[in-house]
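Undergrad: Just so it is clear, I am handing over data_6.txt, which has compact mmCIF, C-alpha atoms.
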# COMPACT_ATOMS: atom_id res chain seq x y z
CA MET X 8 106.17 83.98 93.63
CA THR X 9 103.45 84.84 96.16
CA THR X 10 99.91 83.53 95.82
CA THR X 11 97.07 86.04 95.93
CA PRO X 12 94.29 85.03 98.37
CA ILE X 13 90.97 84.39 96.59
CA SER X 14 88.19 86.77 97.59
CA PRO X 15 84.85 85.22 98.61
CA SER X 16 83.17 86.43 95.40
CA LEU X 17 85.74 84.63 93.20
CA ILE X 18 86.42 80.96 92.57
CA ALA X 19 89.58 79.44 91.12
CA THR X 20 89.97 78.17 87.57
CA LEU X 21 92.01 75.21 86.42
CA PRO X 22 95.79 75.68 86.65
CA GLY X 23 97.53 76.79 83.48
CA ARG X 24 99.06 73.39 82.72
CA TYR X 25 95.61 71.97 81.95
CA TYR X 26 95.76 74.00 78.76
CA THR X 27 99.38 73.32 77.76
CA ASP X 28 100.47 69.91 79.02
CA PRO X 29 100.60 67.27 76.22
CA ASP X 30 100.12 64.49 78.77
CA ILE X 31 96.93 66.05 80.13
CA PHE X 32 95.70 66.40 76.55
CA ARG X 33 96.50 62.71 75.97
CA GLN X 34 94.41 61.81 79.00
CA GLU X 35 91.57 63.99 77.69
CA GLN X 36 91.74 62.10 74.41
CA GLU X 37 91.46 58.79 76.25
CA LYS X 38 88.95 59.68 78.97
CA LEU X 39 86.77 62.20 77.10
CA PHE X 40 86.91 62.13 73.31
CA GLU X 41 87.43 58.35 73.03
CA SER X 42 85.04 57.45 75.87
CA LEU X 43 82.06 59.79 75.41
CA TRP X 44 79.72 60.49 72.51
CA PHE X 45 81.39 62.67 69.88
CA CYS X 46 79.45 64.60 67.22
CA ALA X 47 81.20 63.53 64.03
CA VAL X 48 79.36 64.47 60.82
CA ARG X 49 76.10 65.88 59.56
CA SER X 50 74.03 62.94 58.40
CA ALA X 51 72.92 64.66 55.18
CA ASP X 52 76.57 65.07 54.13
CA LEU X 53 76.49 61.33 53.45
CA ASP X 54 73.75 61.60 50.87
CA GLY X 55 73.89 58.21 49.19
CA PRO X 56 75.18 54.63 49.46
CA GLY X 57 78.97 54.54 49.48
CA ALA X 58 79.40 58.15 50.62
CA PHE X 59 81.94 58.37 53.44
CA ARG X 60 83.63 60.86 55.75
CA THR X 61 86.70 60.31 57.91
CA VAL X 62 86.88 62.05 61.29
CA GLN X 63 89.58 62.31 63.93
CA VAL X 64 88.17 61.30 67.32
CA GLY X 65 90.84 61.55 69.98
CA ARG X 66 93.76 59.46 68.75
CA GLU X 67 91.62 57.35 66.41
CA ASN X 68 90.54 58.00 62.84
CA VAL X 69 86.96 56.90 62.13
CA ILE X 70 85.19 56.18 58.84
CA ILE X 71 81.48 56.95 58.69
CA THR X 72 79.66 55.65 55.63
CA ARG X 73 76.16 55.05 54.34
CA THR X 74 75.21 51.47 53.47
CA ARG X 75 73.21 50.35 50.48
CA ALA X 76 70.22 50.06 52.81
CA GLY X 77 70.59 53.76 53.60
CA GLU X 78 71.88 53.36 57.17
CA LEU X 79 74.96 55.00 58.65
CA ARG X 80 77.80 52.86 59.94
CA ALA X 81 81.06 53.81 61.66
CA PHE X 82 84.35 51.90 61.80
CA LEU X 83 87.92 52.45 62.87
CA ASN X 84 89.82 53.53 59.75
CA VAL X 85 92.29 50.63 59.99
CA CYS X 86 92.64 47.59 57.75
CA ARG X 87 92.55 44.34 59.74
CA HIS X 88 95.41 42.87 57.71
CA ARG X 89 98.46 45.04 58.45
CA GLY X 90 96.94 48.18 59.91
CA ALA X 91 97.08 50.46 56.90
CA ARG X 92 94.70 53.42 56.82
CA LEU X 93 91.78 52.35 54.69
CA CYS X 94 90.51 55.75 53.54
CA THR X 95 93.07 58.52 53.21
CA GLU X 96 90.69 61.24 52.01
CA ASP X 97 88.51 63.37 54.30
CA SER X 98 85.44 62.49 52.26
CA GLY X 99 84.44 60.67 49.10
CA GLU X 100 82.25 58.01 47.62
CA VAL X 101 82.86 54.37 46.74
CA ARG X 102 80.69 52.31 44.43
CA ARG X 103 80.16 49.25 46.59
CA ASN X 104 83.08 48.48 48.88
CA LEU X 105 85.95 49.86 50.94
CA GLN X 106 89.29 48.54 49.72
CA CYS X 107 92.66 48.90 51.41
CA PRO X 108 95.13 50.50 48.97
CA TYR X 109 98.01 48.44 50.42
CA HIS X 110 97.08 44.76 49.98
CA ALA X 111 93.53 45.10 48.59
CA TRP X 112 91.66 43.62 51.53
CA THR X 113 88.09 44.60 50.71
CA TYR X 114 85.13 45.24 53.01
CA ASP X 115 81.46 45.84 52.28
CA LEU X 116 79.72 48.93 53.62
CA ASP X 117 78.60 46.96 56.69
CA GLY X 118 82.26 46.28 57.50
CA LYS X 119 82.39 42.59 56.56
CA LEU X 120 85.54 41.25 54.88
CA ILE X 121 84.41 40.14 51.42
CA ALA X 122 87.60 39.79 49.38
CA ALA X 123 91.38 39.64 49.59
CA PRO X 124 94.12 38.19 47.41
CA ASN X 125 94.19 34.40 47.91
CA LEU X 126 91.35 34.57 50.41
CA ILE X 127 89.75 31.49 48.85
CA LYS X 128 92.81 29.51 49.96
CA MET X 129 92.14 30.52 53.58
CA PRO X 130 88.68 29.05 54.22
CA ASP X 131 89.17 29.15 57.99
CA ILE X 132 89.04 32.97 58.09
CA ASP X 133 85.87 34.28 59.69
CA ARG X 134 84.93 37.17 57.42
CA VAL X 135 82.83 38.87 60.10
CA ALA X 136 85.46 38.48 62.83
CA TYR X 137 88.10 39.92 60.49
CA GLY X 138 85.83 42.69 59.35
CA LEU X 139 86.33 46.33 60.26
CA ILE X 140 86.11 47.28 63.93
CA LYS X 141 82.68 48.82 64.47
CA VAL X 142 82.13 52.06 66.34
CA ALA X 143 78.84 52.83 68.11
CA LEU X 144 76.72 55.40 66.25
CA ARG X 145 73.57 57.34 67.08
CA GLU X 146 71.79 60.05 65.11
CA TRP X 147 70.38 63.14 66.79
CA LEU X 148 69.62 66.67 65.56
CA GLY X 149 70.54 65.51 62.06
CA TYR X 150 74.10 64.55 63.02
CA ALA X 151 75.92 61.25 63.49
CA TRP X 152 77.41 60.89 66.96
CA VAL X 153 79.99 58.16 67.54
CA CYS X 154 81.46 56.59 70.65
CA LEU X 155 84.69 54.56 70.72
CA ALA X 156 84.06 53.02 74.14
CA ASP X 157 83.54 49.26 74.32
CA GLU X 158 80.46 50.02 76.43
CA PRO X 159 79.20 53.48 75.45
CA PRO X 160 77.49 55.57 78.13
CA SER X 161 73.78 56.24 77.83
CA PHE X 162 73.23 58.61 74.89
CA GLU X 163 70.09 59.92 76.54
CA ASP X 164 71.82 60.70 79.83
CA THR X 165 75.05 62.19 78.47
CA VAL X 166 73.96 63.92 75.24
CA MET X 167 70.24 64.50 75.04
CA ASP X 168 70.03 65.38 78.72
CA ALA X 169 72.29 68.39 78.07
CA ALA X 170 69.35 70.01 76.29
CA VAL X 171 67.00 69.18 79.14
CA GLU X 172 69.50 70.48 81.70
CA ARG X 173 69.86 73.77 79.84
CA LEU X 174 66.32 74.35 78.52
CA GLY X 175 64.41 72.63 81.31
CA ASP X 176 62.18 70.83 78.82
CA ALA X 177 62.91 67.77 76.69
CA ALA X 178 60.65 69.02 73.90
CA ALA X 179 62.12 72.52 73.71
CA ILE X 180 64.98 71.63 71.36
CA GLU X 181 62.86 69.26 69.29
CA ARG X 182 60.59 72.13 68.27
CA TYR X 183 63.36 73.52 66.07
CA GLY X 184 63.26 70.36 63.92
CA THR X 185 67.03 70.51 63.43
CA GLU X 186 67.17 67.10 61.73
CA ARG X 187 64.86 68.44 59.00
CA LEU X 188 66.80 71.64 58.34
CA ALA X 189 69.11 72.24 55.39
CA LEU X 190 72.70 73.41 55.41
CA GLY X 191 72.91 77.04 54.39
CA ARG X 192 76.58 77.67 55.15
CA ARG X 193 79.56 75.91 56.73
CA ILE X 194 82.72 77.63 57.90
CA THR X 195 85.74 75.82 59.33
CA TYR X 196 88.03 77.61 61.77
CA ASP X 197 91.53 76.45 62.73
CA VAL X 198 91.99 77.88 66.22
CA GLN X 199 95.43 77.94 67.84
CA ALA X 200 94.07 77.41 71.34
CA ASN X 201 93.15 74.65 73.75
CA TRP X 202 89.62 73.31 73.32
CA LYS X 203 88.67 74.15 76.93
CA LEU X 204 89.35 77.84 76.37
CA ILE X 205 86.79 77.73 73.56
CA VAL X 206 84.22 75.95 75.76
CA GLU X 207 84.72 78.39 78.62
CA ASN X 208 84.41 81.35 76.27
CA PHE X 209 81.16 80.04 74.81
CA MET X 210 79.67 79.46 78.24
CA GLU X 211 80.10 83.03 79.54
CA CYS X 212 79.16 86.52 78.42
CA TYR X 213 81.33 88.55 80.77
CA HIS X 214 83.31 89.42 77.63
CA CYS X 215 80.34 90.20 75.39
CA ALA X 216 80.19 93.97 75.89
CA THR X 217 83.93 94.17 75.26
CA ILE X 218 84.39 92.16 72.07
CA HIS X 219 80.90 91.48 70.59
CA PRO X 220 79.35 94.85 69.63
CA GLU X 221 77.12 93.34 66.92
CA LEU X 222 75.82 90.56 69.19
CA VAL X 223 75.08 92.94 72.06
CA GLU X 224 73.19 95.18 69.66
CA VAL X 225 70.87 92.27 68.84
CA LEU X 226 70.79 90.83 72.39
CA PRO X 227 71.07 93.86 74.69
CA GLU X 228 70.89 91.87 77.93
CA PHE X 229 74.28 90.33 77.10
CA ALA X 230 75.82 93.72 77.87
CA ASP X 231 75.19 92.93 81.56
CA GLY X 232 77.64 90.03 81.36
CA TYR X 233 75.23 87.16 82.05
CA ALA X 234 75.19 84.51 79.33
CA ALA X 235 72.03 82.65 78.40
CA GLN X 236 73.63 79.49 79.85
CA TYR X 237 73.84 81.11 83.28
CA TYR X 238 70.11 80.35 83.67
CA VAL X 239 68.00 77.24 83.16
CA GLY X 240 65.31 77.70 80.54
CA HIS X 241 66.20 81.32 79.79
CA GLY X 242 66.62 82.63 76.26
CA ALA X 243 68.18 86.04 75.68
CA GLU X 244 65.53 88.36 74.24
CA PHE X 245 66.05 90.32 71.03
CA GLY X 246 66.25 94.11 71.36
CA ALA X 247 63.00 96.03 70.94
CA GLN X 248 63.99 97.40 67.52
CA VAL X 249 65.61 94.18 66.31
CA LYS X 250 63.71 92.30 63.62
CA GLY X 251 65.91 89.23 63.22
CA PHE X 252 69.10 87.47 64.31
CA THR X 253 71.20 89.21 61.67
CA VAL X 254 74.35 91.30 61.69
CA ASP X 255 72.38 94.55 61.43
CA GLY X 256 69.21 93.45 63.20
CA SER X 257 67.27 93.39 59.94
CA GLU X 258 64.53 90.86 59.25
CA GLY X 259 65.54 87.23 58.88
CA PHE X 260 63.27 84.43 57.68
CA ALA X 261 59.95 82.99 58.80
CA THR X 262 59.94 81.44 62.27
CA LEU X 263 60.44 77.68 62.13
CA PRO X 264 56.96 76.13 62.20
CA GLU X 265 57.05 74.31 65.56
CA VAL X 266 58.92 76.93 67.60
CA ALA X 267 56.76 77.87 70.58
CA ALA X 268 55.50 81.41 71.09
CA ASP X 269 57.64 81.85 74.20
CA GLN X 270 60.73 80.82 72.22
CA ASP X 271 60.16 83.43 69.51
CA ARG X 272 62.53 86.43 69.43
CA ARG X 273 64.91 84.65 71.78
CA TYR X 274 68.36 83.09 71.57
CA TYR X 275 69.23 79.87 73.43
CA ALA X 276 72.67 78.31 73.78
CA ILE X 277 73.48 74.74 74.80
CA THR X 278 76.84 73.14 75.52
CA VAL X 279 76.88 69.38 74.93
CA LYS X 280 80.06 68.28 76.67
CA PRO X 281 82.69 67.89 75.63
CA THR X 282 82.78 69.39 72.12
CA VAL X 283 79.42 70.66 70.78
CA PHE X 284 77.61 74.00 70.93
CA VAL X 285 74.00 74.39 69.78
CA ASN X 286 72.60 77.88 69.16
CA LEU X 287 68.84 78.23 68.66
CA VAL X 288 67.10 81.27 67.18
CA PRO X 289 63.57 81.44 65.73
CA ASP X 290 64.47 81.02 62.05
CA HIS X 291 67.68 78.97 62.09
CA VAL X 292 70.06 76.84 64.13
CA ILE X 293 73.84 77.20 64.41
CA LEU X 294 75.81 74.13 65.47
CA HIS X 295 79.52 74.06 66.33
CA ARG X 296 81.54 70.84 66.36
CA MET X 297 85.02 70.97 67.86
CA PHE X 298 87.85 68.66 66.86
CA PRO X 299 90.69 69.01 69.42
CA LEU X 300 93.90 68.08 67.57
CA ALA X 301 96.55 69.15 70.09
CA GLU X 302 96.82 70.86 73.45
CA ASP X 303 97.05 74.18 71.58
CA ARG X 304 95.06 73.55 68.39
CA THR X 305 91.34 72.99 67.83
CA VAL X 306 89.46 72.84 64.53
CA VAL X 307 85.89 74.10 64.79
CA GLU X 308 83.31 73.32 62.11
CA CYS X 309 80.28 75.62 62.26
CA ASP X 310 77.02 74.92 60.40
CA TRP X 311 74.19 77.38 59.76
CA LEU X 312 70.93 75.43 59.27
CA TYR X 313 67.72 76.83 57.77
CA ALA X 314 64.29 75.64 56.68
CA PRO X 315 64.74 73.56 53.48
CA GLU X 316 62.64 75.98 51.45
CA VAL X 317 64.93 78.88 52.41
CA VAL X 318 68.01 77.07 51.10
CA ALA X 319 66.21 75.65 48.05
CA SER X 320 65.02 79.11 47.06
CA GLY X 321 68.56 80.46 46.97
CA ALA X 322 67.68 83.10 49.58
CA ASP X 323 70.57 85.27 50.75
CA VAL X 324 71.59 84.05 54.20
CA ALA X 325 74.64 86.32 54.38
CA LYS X 326 73.34 88.68 57.08
CA SER X 327 72.45 85.90 59.52
CA VAL X 328 75.69 84.03 58.78
CA GLU X 329 77.75 87.19 59.19
CA LEU X 330 76.49 87.85 62.71
CA PHE X 331 77.72 84.62 64.21
CA HIS X 332 80.76 84.45 61.94
CA ARG X 333 81.88 87.72 63.52
CA VAL X 334 81.12 86.31 66.97
CA ASN X 335 83.20 83.23 66.14
CA ALA X 336 86.12 85.27 64.82
CA GLN X 337 86.04 87.56 67.85
CA ASP X 338 85.85 84.65 70.28
CA PHE X 339 88.59 82.62 68.62
CA GLU X 340 90.92 85.61 68.49
CA ALA X 341 90.35 86.06 72.23
CA CYS X 342 91.12 82.38 72.86
CA GLU X 343 94.31 82.59 70.80
CA ARG X 344 95.30 85.68 72.77
CA THR X 345 94.74 83.74 75.99
CA GLN X 346 96.58 80.54 75.04
CA PRO X 347 100.14 81.93 75.53
CA GLY X 348 99.21 83.14 79.01
CA MET X 349 98.47 79.56 80.04
CA SER X 350 102.24 78.89 79.95
CA SER X 351 103.12 81.94 82.03
CA ARG X 352 104.20 81.60 85.64
CA ALA X 353 101.52 84.24 86.31
CA TYR X 354 98.90 81.58 85.51
CA ARG X 355 100.69 78.61 87.08
CA GLY X 356 98.03 78.42 89.79
CA GLY X 357 95.23 79.43 87.43
CA GLY X 358 92.99 82.47 87.36
CA VAL X 359 89.62 83.32 88.84
CA LEU X 360 85.95 83.32 87.90
CA VAL X 361 83.72 86.25 88.84
CA PRO X 362 80.15 85.52 90.06
CA ASN X 363 78.50 85.56 86.62
CA GLU X 364 81.10 83.02 85.44
CA HIS X 365 80.69 80.62 88.37
CA HIS X 366 78.81 78.11 86.21
CA ILE X 367 82.10 77.50 84.37
CA GLY X 368 83.30 76.03 87.65
CA ILE X 369 80.75 73.24 87.16
CA PHE X 370 82.39 72.46 83.81
CA HIS X 371 85.78 72.30 85.55
CA GLU X 372 84.39 69.97 88.22
CA TRP X 373 82.97 67.71 85.50
CA LEU X 374 86.33 67.66 83.71
CA LEU X 375 88.27 66.80 86.85
CA SER X 376 85.82 64.04 87.73
CA ARG X 377 86.41 62.49 84.30
CA LEU X 378 90.18 62.83 84.32
CA GLY X 379 90.87 61.79 87.90
CA ASP X 380 94.48 62.16 89.01
CA VAL X 381 96.28 63.71 86.03
CA ASP X 382 99.64 63.01 87.68
CA ALA X 383 99.00 59.30 87.71
Since I need it in another form, could you write the structure as structure tokens?
TA:
Amino acid sequence: MTTTPISPSLIATLPGRYYTDPDIFRQEQEKLFESLWFCAVRSADLDGPGAFRTVQVGRENVIITRTRAGELRAFLNVCRHRGARLCTEDSGEVRRNLQCPYHAWTYDLDGKLIAAPNLIKMPDIDRVAYGLIKVALREWLGYAWVCLADEPPSFEDTVMDAAVERLGDAAAIERYGTERLALGRRITYDVQANWKLIVENFMECYHCATIHPELVEVLPEFADGYAAQYYVGHGAEFGAQVKGFTVDGSEGFATLPEVAADQDRRYYAITVKPTVFVNLVPDHVILHRMFPLAEDRTVVECDWLYAPEVVASGADVAKSVELFHRVNAQDFEACERTQPGMSSRAYRGGGVLVPNEHHIGIFHEWLLSRLGDVDA
């Protein structure tokens, strides 16, 4: 099969096997999802002592729970006795302790071993040393981020700096007060596509005029094919007749109180590598968390966040939810349509990026720098 020369205006993508090879996905689990900060759960979902969520992070299952002092803690979901999974449910609540259903080894909410059959006859056991394996945890934007690395990278440099890099201002994202917002809607999507296809799709708008008629109606500049992420500090402006970020352009809710005047009537998008998208509009925030489960399967959990008084009042958020739900469905269908092509000999050497997609090349460079030699 002949190789087509790449024109000067185009740059190459990753080869197709980066989206289909189980071994490459295993290396991504090790060198990305298990080594970098991973957005796991919304903090408010754990609303009281003993509440817990389990989350798949790479090849590890992690328990996140709230202690009696009100703090979040994260642990590997593995009993220290014989390795049984401690919590088998996705979420729940325990009264005081976490107990293994196999041999009843019992841990407090700070992870310390506090009880086990015949434990009193084993006074030499260090109950802290044989406690649950702790996982680093930080809270930001109202979410718990975890890192499995023995020495986690700087949270500021690898997570928070993504907002600075995109918006050009450390305070810009803070003005939305995301940690104070309330959950208005959550939709979970099971996408039969590689996680990188979803990232690449989110980062570009070359496809917007083709598959996003509702979005382009609200954000007319997207019809030109340049995504908001193509620029630093740029937010796509609402159309002149558009009143709000809703499926029909009708009025939304009051602008969040600290949003700056130059952020009003604009949409900003941020990719926090490797698995988080943050979408900012004047009256709400939409946050995507990706959970890559296989080389061709990614679960995406999408939250729509509003001012607490909007949610408490029972206001109808359907029109603002529907806009991005349609965008999600359209995007994920496109990714699922693309996934089979990654195995084709036509894509063995990869594809190309046109000029207004060249910033995706930076994502590819970042990925390759993290993975190193995938043939090793």
Undergrad: I'd like the interatomic distance between CA of Phe252 (chain X) and CA of Ser327 (chain X), to a tenth of an Å.
TA: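 Computed distance, CA of Phe252 (chain X) to CA of Ser327 (chain X), equals 6.1 Å.
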Undergrad: Would you please work out which residue, of X:Glu221, X:Glu158, X:Glu35, X:Asp290, is nearest to Gly246 (chain X) when using all atoms listed in the file?
TA: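 Counting all atoms listed in the file, the residue closest to Gly246 (chain X) is X:Glu221.
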Undergrad: When you look at Asn363 (chain X) with a cut-off of 9 Å (counting all atoms listed in the file), what residues show up, excluding the ones that are within fewer than 3 positions of it in the same chain? I need them as a ChimeraX atom specification.
TA: /X:211-213,232-234,237,360,366
Undergrad: Fewer than 6 positions away in the same chain doesn't count, so skip those; otherwise give me all residues within 9 Å of Asn68 (chain X), counting only C-alpha atoms, as a list of chain:residue names.
TA: X:Thr61, X:Val62, X:Phe82, X:Leu83, X:Asn84, X:Val85, X:Arg92
Undergrad: Hey, what's within 10 Å of Arg102 (chain X) if we count only C-alpha atoms and toss same-chain stuff fewer than 3 positions away? As number ranges by chain, please?
TA: X: 56-58, 75, 105, 116
Undergrad: Using Å and a single decimal, report how far CA of Glu329 (chain X) sits from CA of Pro220 (chain X).
TA: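 Going from CA of Pro220 (chain X) over to CA of Glu329 (chain X), I get 13.0 Å.
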Undergrad: Have a look at CA of Thr20 (chain X) and CA of Asp380 (chain X) and let me know their distance in Å, one decimal.
TA: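 CA of Asp380 (chain X) lies 16.7 Å from CA of Thr20 (chain X).
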Undergrad: Find, counting all atoms listed in the file, the residue in X:Ala336, X:His291, X:Ala76, X:Ile369 that gets nearest to Gly191 (chain X).
TA: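 Once distances to Gly191 (chain X) are computed over all atoms listed in the file, the minimum belongs to X:His291.
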Undergrad: Return the single residue from X:Gly321, X:Gly259, X:Pro289, X:Gly240 that is closest to Tyr274 (chain X), with distances computed using only C-alpha atoms.
TA: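 The shortest atom-to-atom distance to Tyr274 (chain X) comes from X:Pro289.
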Undergrad: Using the incomplete input, complete region 324-353 of chain X to the level of N, CA and C atoms; output as an mmCIF file, in the coordinates of the input.
TA:
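result_35.cif, freshly written:
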data_model
loop_
_atom_site.group_PDB
_atom_site.id
_atom_site.type_symbol
_atom_site.label_atom_id
_atom_site.label_comp_id
_atom_site.auth_asym_id
_atom_site.auth_seq_id
_atom_site.Cartn_x
_atom_site.Cartn_y
_atom_site.Cartn_z
ATOM 1 N N VAL X 324 71.483 84.274 52.751
ATOM 2 C CA VAL X 324 71.590 84.050 54.200
ATOM 3 C C VAL X 324 72.776 84.820 54.795
ATOM 4 N N ALA X 325 73.381 85.684 53.987
ATOM 5 C CA ALA X 325 74.640 86.320 54.380
ATOM 6 C C ALA X 325 74.532 87.103 55.680
ATOM 7 N N LYS X 326 73.424 87.834 55.886
ATOM 8 C CA LYS X 326 73.340 88.680 57.080
ATOM 9 C C LYS X 326 73.219 87.867 58.359
ATOM 10 N N SER X 327 72.530 86.724 58.312
ATOM 11 C CA SER X 327 72.450 85.900 59.520
ATOM 12 C C SER X 327 73.750 85.132 59.730
ATOM 13 N N VAL X 328 74.390 84.698 58.642
ATOM 14 C CA VAL X 328 75.690 84.030 58.780
ATOM 15 C C VAL X 328 76.728 85.005 59.333
ATOM 16 N N GLU X 329 76.724 86.220 58.818
ATOM 17 C CA GLU X 329 77.750 87.190 59.190
ATOM 18 C C GLU X 329 77.734 87.511 60.681
ATOM 19 N N LEU X 330 76.546 87.533 61.288
ATOM 20 C CA LEU X 330 76.490 87.850 62.710
ATOM 21 C C LEU X 330 77.297 86.857 63.523
ATOM 22 N N PHE X 331 77.005 85.568 63.369
ATOM 23 C CA PHE X 331 77.720 84.620 64.210
ATOM 24 C C PHE X 331 79.128 84.336 63.702
ATOM 25 N N HIS X 332 79.382 84.562 62.416
ATOM 26 C CA HIS X 332 80.760 84.450 61.940
ATOM 27 C C HIS X 332 81.634 85.493 62.630
ATOM 28 N N ARG X 333 81.108 86.692 62.787
ATOM 29 C CA ARG X 333 81.880 87.720 63.520
ATOM 30 C C ARG X 333 82.060 87.314 64.973
ATOM 31 N N VAL X 334 81.002 86.786 65.587
ATOM 32 C CA VAL X 334 81.120 86.310 66.970
ATOM 33 C C VAL X 334 82.195 85.244 67.072
ATOM 34 N N ASN X 335 82.176 84.288 66.145
ATOM 35 C CA ASN X 335 83.200 83.230 66.140
ATOM 36 C C ASN X 335 84.599 83.818 66.020
ATOM 37 N N ALA X 336 84.789 84.697 65.048
ATOM 38 C CA ALA X 336 86.120 85.270 64.820
ATOM 39 C C ALA X 336 86.589 86.051 66.051
ATOM 40 N N GLN X 337 85.685 86.797 66.649
ATOM 41 C CA GLN X 337 86.040 87.560 67.850
ATOM 42 C C GLN X 337 86.387 86.642 69.008
ATOM 43 N N ASP X 338 85.589 85.592 69.192
ATOM 44 C CA ASP X 338 85.850 84.650 70.280
ATOM 45 C C ASP X 338 87.162 83.908 70.077
ATOM 46 N N PHE X 339 87.392 83.426 68.857
ATOM 47 C CA PHE X 339 88.590 82.620 68.620
ATOM 48 C C PHE X 339 89.856 83.459 68.714
ATOM 49 N N GLU X 340 89.774 84.725 68.312
ATOM 50 C CA GLU X 340 90.920 85.610 68.490
ATOM 51 C C GLU X 340 91.217 85.791 69.977
ATOM 52 N N ALA X 341 90.163 85.925 70.788
ATOM 53 C CA ALA X 341 90.350 86.060 72.230
ATOM 54 C C ALA X 341 90.987 84.807 72.825
ATOM 55 N N CYS X 342 90.547 83.636 72.364
ATOM 56 C CA CYS X 342 91.120 82.380 72.860
ATOM 57 C C CYS X 342 92.589 82.254 72.467
ATOM 58 N N GLU X 343 92.913 82.651 71.236
ATOM 59 C CA GLU X 343 94.310 82.590 70.800
ATOM 60 C C GLU X 343 95.168 83.596 71.562
ATOM 61 N N ARG X 344 94.576 84.707 71.965
ATOM 62 C CA ARG X 344 95.300 85.680 72.770
ATOM 63 C C ARG X 344 95.544 85.148 74.182
ATOM 64 N N THR X 345 94.641 84.287 74.640
ATOM 65 C CA THR X 345 94.740 83.740 75.990
ATOM 66 C C THR X 345 95.703 82.557 76.068
ATOM 67 N N GLN X 346 95.793 81.778 75.006
ATOM 68 C CA GLN X 346 96.580 80.540 75.040
ATOM 69 C C GLN X 346 98.027 80.761 75.517
ATOM 70 N N PRO X 347 98.769 81.763 75.031
ATOM 71 C CA PRO X 347 100.140 81.930 75.530
ATOM 72 C C PRO X 347 100.218 82.180 77.026
ATOM 73 N N GLY X 348 99.211 82.854 77.580
ATOM 74 C CA GLY X 348 99.210 83.140 79.010
ATOM 75 C C GLY X 348 99.104 81.891 79.867
ATOM 76 N N MET X 349 98.596 80.806 79.289
ATOM 77 C CA MET X 349 98.470 79.560 80.040
ATOM 78 C C MET X 349 99.838 78.988 80.419
ATOM 79 N N SER X 350 100.884 79.378 79.670
ATOM 80 C CA SER X 350 102.240 78.890 79.950
ATOM 81 C C SER X 350 103.000 79.818 80.887
ATOM 82 N N SER X 351 102.430 80.969 81.192
ATOM 83 C CA SER X 351 103.120 81.940 82.030
ATOM 84 C C SER X 351 103.114 81.514 83.501
ATOM 85 N N ARG X 352 104.179 81.877 84.208
ATOM 86 C CA ARG X 352 104.200 81.600 85.640
ATOM 87 C C ARG X 352 103.100 82.380 86.365
ATOM 88 N N ALA X 353 102.617 83.477 85.717
ATOM 89 C CA ALA X 353 101.520 84.240 86.310
ATOM 90 C C ALA X 353 100.238 83.423 86.389
#
